[in-house]
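Data block for entry31.cif (mmCIF, C-alpha atoms):
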```cif
data_run
#
loop_
_atom_site.label_atom_id
_atom_site.label_comp_id
_atom_site.auth_asym_id
_atom_site.auth_seq_id
_atom_site.Cartn_x
_atom_site.Cartn_y
_atom_site.Cartn_z
CA MET A 1 110.26 -90.44 72.21
CA ARG A 2 112.01 -91.15 75.49
CA GLU A 3 108.77 -92.36 77.08
CA ALA A 4 107.93 -94.54 74.08
CA GLY A 5 111.45 -95.97 74.05
CA LYS A 6 111.35 -96.71 77.76
CA LEU A 7 108.04 -98.55 77.50
CA ALA A 8 109.20 -100.52 74.46
CA ALA A 9 112.28 -101.66 76.40
CA GLU A 10 110.21 -102.68 79.40
CA VAL A 11 107.82 -104.67 77.21
CA ARG A 12 110.72 -106.32 75.35
CA ASP A 13 112.36 -107.43 78.58
CA TYR A 14 109.05 -108.68 80.01
CA ALA A 15 108.44 -110.66 76.82
CA GLY A 16 111.92 -112.14 77.12
CA SER A 17 111.17 -113.32 80.64
CA LEU A 18 108.42 -115.51 79.15
CA VAL A 19 110.79 -117.36 76.82
CA LYS A 20 110.91 -120.92 78.14
CA PRO A 21 110.57 -124.39 76.61
CA GLY A 22 106.89 -125.23 76.13
CA VAL A 23 105.68 -121.63 75.85
CA THR A 24 104.07 -120.62 72.56
CA THR A 25 104.93 -117.39 70.78
CA ASP A 26 101.19 -116.78 70.54
CA TYR A 27 101.08 -116.67 74.35
CA ILE A 28 103.97 -114.18 74.37
CA ASP A 29 102.09 -112.05 71.84
CA LYS A 30 98.96 -111.97 74.00
CA GLN A 31 100.96 -110.95 77.10
CA VAL A 32 102.80 -108.25 75.15
CA HIS A 33 99.54 -106.90 73.76
CA GLN A 34 97.98 -106.67 77.19
CA MET A 35 100.98 -104.96 78.76
CA ILE A 36 101.09 -102.34 76.03
CA ILE A 37 97.35 -101.64 76.29
CA ASP A 38 97.60 -101.46 80.09
CA HIS A 39 100.10 -98.62 79.63
CA ASN A 40 97.69 -96.65 77.42
CA ALA A 41 99.74 -97.37 74.32
CA TYR A 42 99.16 -99.31 71.09
CA PRO A 43 101.25 -102.15 69.60
CA SER A 44 102.52 -100.58 66.37
CA PRO A 45 102.83 -103.83 64.37
CA LEU A 46 99.17 -104.79 64.83
CA GLY A 47 97.44 -104.12 61.53
CA TYR A 48 100.52 -102.46 60.02
CA GLY A 49 100.48 -103.50 56.37
CA GLY A 50 98.10 -106.24 57.41
CA PHE A 51 100.39 -107.76 60.06
CA PRO A 52 98.07 -109.84 62.28
CA LYS A 53 99.81 -109.75 65.67
CA SER A 54 101.16 -107.26 68.23
CA VAL A 55 104.79 -108.40 68.21
CA CYS A 56 107.23 -110.17 65.88
CA THR A 57 108.72 -113.44 67.15
CA SER A 58 111.50 -114.87 64.98
CA VAL A 59 112.78 -118.30 65.99
CA ASN A 60 116.07 -119.94 64.93
CA GLU A 61 116.43 -119.56 61.13
CA CYS A 62 113.81 -116.81 61.01
CA ILE A 63 115.52 -113.52 60.19
CA CYS A 64 112.64 -111.20 61.06
CA HIS A 65 108.89 -110.54 60.96
CA GLY A 66 107.92 -113.93 62.35
CA ILE A 67 104.22 -114.15 63.19
CA PRO A 68 103.45 -115.55 66.65
CA ASP A 69 101.71 -118.93 66.46
CA SER A 70 100.88 -122.12 68.34
CA ARG A 71 104.34 -123.72 68.02
CA LYS A 72 105.85 -124.38 71.43
CA LEU A 73 109.36 -123.10 71.99
CA GLU A 74 111.89 -125.89 72.41
CA ASP A 75 115.00 -126.27 74.52
CA GLY A 76 117.88 -124.83 72.51
CA ASP A 77 115.87 -122.35 70.45
CA ILE A 78 116.89 -118.75 69.99
CA VAL A 79 114.04 -116.28 69.55
CA ASN A 80 114.09 -112.64 68.56
CA ILE A 81 111.28 -110.55 70.00
CA ASP A 82 110.70 -107.28 68.16
CA VAL A 83 108.54 -104.78 70.06
CA THR A 84 107.24 -101.44 68.88
CA VAL A 85 104.85 -99.31 70.92
CA PHE A 86 102.94 -96.17 69.97
CA LEU A 87 102.70 -93.91 73.01
CA ASN A 88 101.59 -90.27 73.13
CA GLY A 89 102.10 -89.85 69.40
CA PHE A 90 105.52 -91.51 69.11
CA HIS A 91 106.83 -94.98 68.26
CA GLY A 92 109.56 -96.74 70.25
CA ASP A 93 111.14 -99.73 68.48
CA THR A 94 113.49 -102.39 69.87
CA SER A 95 114.34 -106.07 69.65
CA LYS A 96 116.50 -108.65 71.34
CA THR A 97 117.34 -112.29 70.69
CA PHE A 98 116.67 -114.45 73.74
CA LEU A 99 117.99 -117.91 74.59
CA CYS A 100 115.48 -120.66 75.33
CA GLY A 101 116.74 -123.24 77.80
CA ASN A 102 120.07 -124.91 77.05
CA VAL A 103 121.38 -123.32 73.88
CA SER A 104 124.39 -124.57 71.92
CA GLU A 105 127.68 -122.69 72.18
CA ASP A 106 127.51 -121.92 68.46
CA ALA A 107 124.09 -120.30 68.85
CA LYS A 108 125.20 -118.38 71.94
CA LYS A 109 128.20 -117.00 70.06
CA LEU A 110 126.04 -115.82 67.16
CA VAL A 111 123.71 -114.01 69.57
CA GLU A 112 126.61 -112.46 71.48
CA VAL A 113 128.38 -111.22 68.36
CA THR A 114 125.18 -109.80 66.92
CA LYS A 115 124.73 -107.68 70.03
CA ASP A 116 128.41 -106.68 69.87
CA SER A 117 127.90 -105.50 66.28
CA LEU A 118 125.02 -103.27 67.35
CA ASP A 119 127.03 -101.87 70.26
CA ALA A 120 129.97 -101.14 67.94
CA ALA A 121 127.72 -99.27 65.54
CA ILE A 122 126.09 -97.21 68.28
CA ALA A 123 129.50 -96.30 69.70
CA ILE A 124 130.50 -94.33 66.59
CA CYS A 125 127.23 -92.39 66.23
CA GLY A 126 127.11 -88.65 66.72
CA PRO A 127 126.48 -85.38 64.89
CA GLY A 128 128.15 -85.28 61.47
CA VAL A 129 129.07 -88.97 61.40
CA GLN A 130 128.59 -90.53 57.96
CA LEU A 131 125.70 -92.98 57.86
CA LYS A 132 127.81 -95.52 56.02
CA ARG A 133 130.07 -95.90 59.06
CA ILE A 134 127.26 -97.75 60.85
CA GLY A 135 127.36 -100.52 58.27
CA GLU A 136 131.15 -100.55 58.29
CA GLU A 137 131.27 -101.18 62.03
CA ILE A 138 128.66 -103.96 61.91
CA GLN A 139 130.37 -105.65 58.97
CA LYS A 140 133.74 -105.46 60.69
CA VAL A 141 132.44 -107.30 63.75
CA ALA A 142 130.58 -109.91 61.68
CA ASP A 143 133.56 -110.55 59.41
CA ALA A 144 135.82 -111.23 62.38
CA TYR A 145 133.66 -114.26 63.23
CA GLY A 146 132.71 -115.36 59.73
CA TYR A 147 129.05 -114.38 60.08
CA GLY A 148 126.86 -113.03 57.31
CA VAL A 149 125.08 -109.68 57.48
CA VAL A 150 121.59 -109.69 56.01
CA ARG A 151 121.16 -106.94 53.40
CA SER A 152 117.45 -107.01 52.62
CA PHE A 153 116.28 -105.39 55.86
CA VAL A 154 117.44 -102.03 57.18
CA GLY A 155 117.34 -99.64 60.09
CA HIS A 156 115.06 -96.64 59.67
CA GLY A 157 113.91 -93.34 61.02
CA VAL A 158 111.27 -93.65 63.71
CA GLY A 159 109.22 -91.11 65.67
CA ARG A 160 105.78 -89.86 64.81
CA LEU A 161 105.95 -92.34 61.92
CA PHE A 162 106.73 -96.04 62.41
CA HIS A 163 109.11 -96.04 59.43
CA SER A 164 110.74 -93.01 57.82
CA GLY A 165 114.17 -91.73 56.76
CA PRO A 166 117.05 -92.12 57.14
CA THR A 167 117.60 -95.61 55.77
CA VAL A 168 120.34 -97.34 57.76
CA LEU A 169 122.26 -100.08 55.93
CA HIS A 170 123.88 -102.69 58.18
CA TYR A 171 126.61 -103.77 55.77
CA ARG A 172 129.62 -102.05 54.20
CA ASN A 173 128.31 -99.49 51.69
CA ASN A 174 128.97 -96.17 49.98
CA GLU A 175 125.69 -94.42 50.72
CA ARG A 176 125.82 -90.70 51.33
CA GLY A 177 124.37 -88.83 54.27
CA LYS A 178 125.35 -87.78 57.76
CA LEU A 179 123.73 -88.04 61.16
CA GLU A 180 122.12 -84.85 62.42
CA VAL A 181 121.16 -83.57 65.87
CA GLY A 182 117.57 -84.48 66.67
CA GLN A 183 117.36 -87.52 64.40
CA THR A 184 115.69 -90.58 65.87
CA PHE A 185 116.28 -93.88 64.09
CA THR A 186 116.93 -97.57 64.60
CA ILE A 187 119.97 -99.74 64.07
CA GLU A 188 118.94 -103.40 63.92
CA PRO A 189 121.58 -105.75 62.48
CA MET A 190 120.62 -109.29 61.52
CA LEU A 191 123.56 -111.70 61.44
CA THR A 192 123.52 -115.28 60.21
CA ALA A 193 125.69 -118.34 60.78
CA GLY A 194 125.51 -119.07 57.05
CA GLY A 195 124.27 -117.34 53.91
CA ILE A 196 122.56 -113.95 53.81
CA ARG A 197 119.81 -114.69 51.30
CA GLU A 198 116.25 -114.96 52.57
CA LYS A 199 113.07 -116.67 51.49
CA TYR A 200 109.51 -116.10 52.64
CA TRP A 201 106.89 -118.36 54.10
CA ASP A 202 103.45 -118.42 52.52
CA ASP A 203 102.25 -115.77 54.98
CA ASN A 204 104.39 -113.25 53.01
CA TRP A 205 105.81 -111.87 56.26
CA THR A 206 108.09 -114.48 57.80
CA ALA A 207 111.59 -114.14 56.33
CA VAL A 208 113.94 -117.08 56.95
CA THR A 209 117.46 -117.84 55.84
CA ALA A 210 117.42 -119.61 52.48
CA ASP A 211 119.99 -122.15 53.69
CA GLY A 212 118.30 -122.78 57.03
CA SER A 213 121.15 -121.31 59.08
CA LEU A 214 120.55 -119.58 62.41
CA SER A 215 119.92 -115.84 62.49
CA ALA A 216 120.02 -113.36 65.37
CA GLN A 217 119.05 -109.69 65.68
CA PHE A 218 119.28 -106.80 68.15
CA GLU A 219 117.76 -103.33 67.78
CA HIS A 220 117.68 -100.00 69.57
CA THR A 221 115.96 -96.69 68.92
CA LEU A 222 118.59 -93.93 69.00
CA LEU A 223 118.61 -90.14 69.32
CA ILE A 224 121.43 -87.97 68.00
CA THR A 225 122.30 -85.26 70.53
CA ASP A 226 124.72 -82.32 70.53
CA SER A 227 127.24 -84.43 72.40
CA GLY A 228 126.75 -87.82 70.73
CA VAL A 229 123.96 -90.39 70.87
CA ASP A 230 121.38 -91.60 73.38
CA SER A 231 119.98 -95.12 73.20
CA LEU A 232 116.31 -94.71 74.08
CA THR A 233 115.54 -98.43 74.46
CA VAL A 234 118.49 -99.74 76.45
CA GLN A 235 117.16 -100.51 79.94
CA ALA A 236 119.06 -103.52 81.35
CA MET A 237 119.53 -105.23 77.99
CA LYS A 238 121.88 -108.14 78.60
CA VAL A 239 122.44 -111.25 76.50
#
```
Can you turn what I pasted into structure tokens?
Amino acid sequence: MREAGKLAAEVRDYAGSLVKPGVTTDYIDKQVHQMIIDHNAYPSPLGYGGFPKSVCTSVNECICHGIPDSRKLEDGDIVNIDVTVFLNGFHGDTSKTFLCGNVSEDAKKLVEVTKDSLDAAIAICGPGVQLKRIGEEIQKVADAYGYGVVRSFVGHGVGRLFHSGPTVLHYRNNERGKLEVGQTFTIEPMLTAGGIREKYWDDNWTAVTADGSLSAQFEHTLLITDSGVDSLTVQAMKV
């Protein structure tokens, strides 16, 4: 898991270095695919449930699961790149929202606060912690800035399987369950500058905000240890 997480983080950060005005997300996908294959791993999204690409690229109002295409990134865009690699029998899953060129202060703030919400949630994780506290911490940060927290997509267990239990809700909730030593899972909050409802493009994958407002996301794969929590996909992840 540590090796898979490390590679996923390296691929994510490399993909982010490609985010520039004029670059297509399809080009980013091809570079990501090659880097993963060169490291004797497999891009987990490719073929998963019929997904046609090796990485998810979600631009501006896209909440998640954007399919890379021929659209050129524009100055001022924000783009989430969601990378999952399958290495030596384990999946490592991570995402980050990158800034493309000169981004508005409003967009920068949304991206910054989204990362802060993830950091706040990770900070309270440890053995015996109630799962619902993760959502409480994310909601608390989002509420302080008037941002919405998307409810339709969740964090999840990850390891030998791409998606498994536990289910991690990113909003205030009353779900039962506690974190246990040895669990590996993701926290991946999606915050919006407007409403939290989504709609889908005709590809049945790309989820965008129904009101067209900006959305940002950050994600780490985490491991619960005897002493707390390890983030397996951190690297030098800076906004």
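With all atoms listed in the file as the atoms that count, the residue of A:Arg133, A:Arg197, A:Lys108, A:Arg2 with the shortest distance to Gly148 of chain A is A:Arg197.
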Here's the selection I'm unsure about, the PyMOL selection byres ((chain A and resi 119-125) around 10); applied to the file above, which residues does it give, as a short mmCIF file (atom, residue, chain, number, x, y, z; two decimals) with C-alpha atoms, in the coordinates of the input?
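Contents of selection07.cif, as written:
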```
data_model
loop_
_atom_site.label_atom_id
_atom_site.label_comp_id
_atom_site.auth_asym_id
_atom_site.auth_seq_id
_atom_site.Cartn_x
_atom_site.Cartn_y
_atom_site.Cartn_z
CA VAL A 113 128.38 -111.22 68.36
CA THR A 114 125.18 -109.80 66.92
CA LYS A 115 124.73 -107.68 70.03
CA ASP A 116 128.41 -106.68 69.87
CA SER A 117 127.90 -105.50 66.28
CA LEU A 118 125.02 -103.27 67.35
CA GLY A 126 127.11 -88.65 66.72
CA PRO A 127 126.48 -85.38 64.89
CA GLY A 128 128.15 -85.28 61.47
CA VAL A 129 129.07 -88.97 61.40
CA GLN A 130 128.59 -90.53 57.96
CA LEU A 131 125.70 -92.98 57.86
CA ARG A 133 130.07 -95.90 59.06
CA ILE A 134 127.26 -97.75 60.85
CA GLY A 135 127.36 -100.52 58.27
CA GLU A 136 131.15 -100.55 58.29
CA GLU A 137 131.27 -101.18 62.03
CA ILE A 138 128.66 -103.96 61.91
CA GLN A 139 130.37 -105.65 58.97
CA LYS A 140 133.74 -105.46 60.69
CA VAL A 141 132.44 -107.30 63.75
CA HIS A 170 123.88 -102.69 58.18
CA LYS A 178 125.35 -87.78 57.76
CA LEU A 179 123.73 -88.04 61.16
CA GLU A 180 122.12 -84.85 62.42
CA THR A 186 116.93 -97.57 64.60
CA ILE A 187 119.97 -99.74 64.07
CA GLU A 188 118.94 -103.40 63.92
CA PRO A 189 121.58 -105.75 62.48
CA PHE A 218 119.28 -106.80 68.15
CA GLU A 219 117.76 -103.33 67.78
CA HIS A 220 117.68 -100.00 69.57
CA LEU A 222 118.59 -93.93 69.00
CA LEU A 223 118.61 -90.14 69.32
CA ILE A 224 121.43 -87.97 68.00
CA THR A 225 122.30 -85.26 70.53
CA GLY A 228 126.75 -87.82 70.73
CA VAL A 229 123.96 -90.39 70.87
CA ASP A 230 121.38 -91.60 73.38
CA SER A 231 119.98 -95.12 73.20
#
```
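The smallest atom-to-atom distance between Gly182 of chain A and any of A:Lys199, A:Ala8, A:Val158, A:Gly212, using all atoms listed in the file, is found for A:Val158.
As for atom CA of Arg176 of chain A and atom CA of Val234 of chain A, they are spaced 27.7 Å apart.
By chain and then residue number, the residues within 9 Å of His33 of chain A are Ile28, Asp29, Ile37, Asp38, Tyr42, Pro43, Lys53, Ser54 and Val55 of chain A, counting all atoms listed in the file and disregarding those fewer than 4 positions away in sequence.
Minimum atom-to-atom distances from A:Asn174, A:Ser152, A:Ser58, A:Thr84 to Ala4 of chain A were compared using all atoms listed in the file, and the lowest value belongs to A:Thr84.
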Counting only C-alpha atoms, what is within 12 Å of Glu112 of chain A, bar same-chain residues fewer than 4 positions away, as a PyMOL selection string? chain A and resi 78+96-99+105-108+116-119+141-142+145+147+191+215-218+238-239
List the residues matched by the PyMOL selection byres ((chain A and resi 164) around 12) in the displayed structure as a ChimeraX atom specification, ordered by chain and then by residue number. /A:91,154-163,165-168,183-186
For Leu7 of chain A, please output as a VMD selection string all residues within 8 Å (counting only C-alpha atoms; exclusion window: fewer than 3 positions along the same chain). chain A and resid 3 to 4 10 to 11 85 92
Just the selected residues (C-alpha atoms), exported as an mmCIF file, in the coordinates of the input, please.
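And here is the file that came out, out31.cif:
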```cif
data_model
loop_
_atom_site.group_PDB
_atom_site.id
_atom_site.type_symbol
_atom_site.label_atom_id
_atom_site.label_comp_id
_atom_site.auth_asym_id
_atom_site.auth_seq_id
_atom_site.Cartn_x
_atom_site.Cartn_y
_atom_site.Cartn_z
ATOM 1 C CA GLU A 3 108.770 -92.360 77.080
ATOM 2 C CA ALA A 4 107.930 -94.540 74.080
ATOM 3 C CA GLU A 10 110.210 -102.680 79.400
ATOM 4 C CA VAL A 11 107.820 -104.670 77.210
ATOM 5 C CA VAL A 85 104.850 -99.310 70.920
ATOM 6 C CA GLY A 92 109.560 -96.740 70.250
#
```
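One distance worth recording is that between atom CA of Pro68 of chain A and atom CA of Ile81 of chain A, which is 9.9 Å.
Those residues returned by the PyMOL selection byres ((chain A and resi 198) around 10) for this file are Glu61, Cys62, Ile63, Cys64, Val150, Arg151, Ser152, Gly195, Ile196, Arg197, Lys199, Tyr200, Thr206, Ala207, Val208, Thr209, Ala210, Asp211 and Gly212 of chain A.
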C-alpha atoms of the current selection, written as a PDB file, in the frame of the given file:
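New file again_25.pdb:
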```pdb
ATOM      1  CA  GLU A  61     116.430-119.560  61.130  1.00  0.00           C
ATOM      2  CA  CYS A  62     113.810-116.810  61.010  1.00  0.00           C
ATOM      3  CA  ILE A  63     115.520-113.520  60.190  1.00  0.00           C
ATOM      4  CA  CYS A  64     112.640-111.200  61.060  1.00  0.00           C
ATOM      5  CA  VAL A 150     121.590-109.690  56.010  1.00  0.00           C
ATOM      6  CA  ARG A 151     121.160-106.940  53.400  1.00  0.00           C
ATOM      7  CA  SER A 152     117.450-107.010  52.620  1.00  0.00           C
ATOM      8  CA  GLY A 195     124.270-117.340  53.910  1.00  0.00           C
ATOM      9  CA  ILE A 196     122.560-113.950  53.810  1.00  0.00           C
ATOM     10  CA  ARG A 197     119.810-114.690  51.300  1.00  0.00           C
ATOM     11  CA  LYS A 199     113.070-116.670  51.490  1.00  0.00           C
ATOM     12  CA  TYR A 200     109.510-116.100  52.640  1.00  0.00           C
ATOM     13  CA  THR A 206     108.090-114.480  57.800  1.00  0.00           C
ATOM     14  CA  ALA A 207     111.590-114.140  56.330  1.00  0.00           C
ATOM     15  CA  VAL A 208     113.940-117.080  56.950  1.00  0.00           C
ATOM     16  CA  THR A 209     117.460-117.840  55.840  1.00  0.00           C
ATOM     17  CA  ALA A 210     117.420-119.610  52.480  1.00  0.00           C
ATOM     18  CA  ASP A 211     119.990-122.150  53.690  1.00  0.00           C
ATOM     19  CA  GLY A 212     118.300-122.780  57.030  1.00  0.00           C
TER      20      GLY A 212
END
```
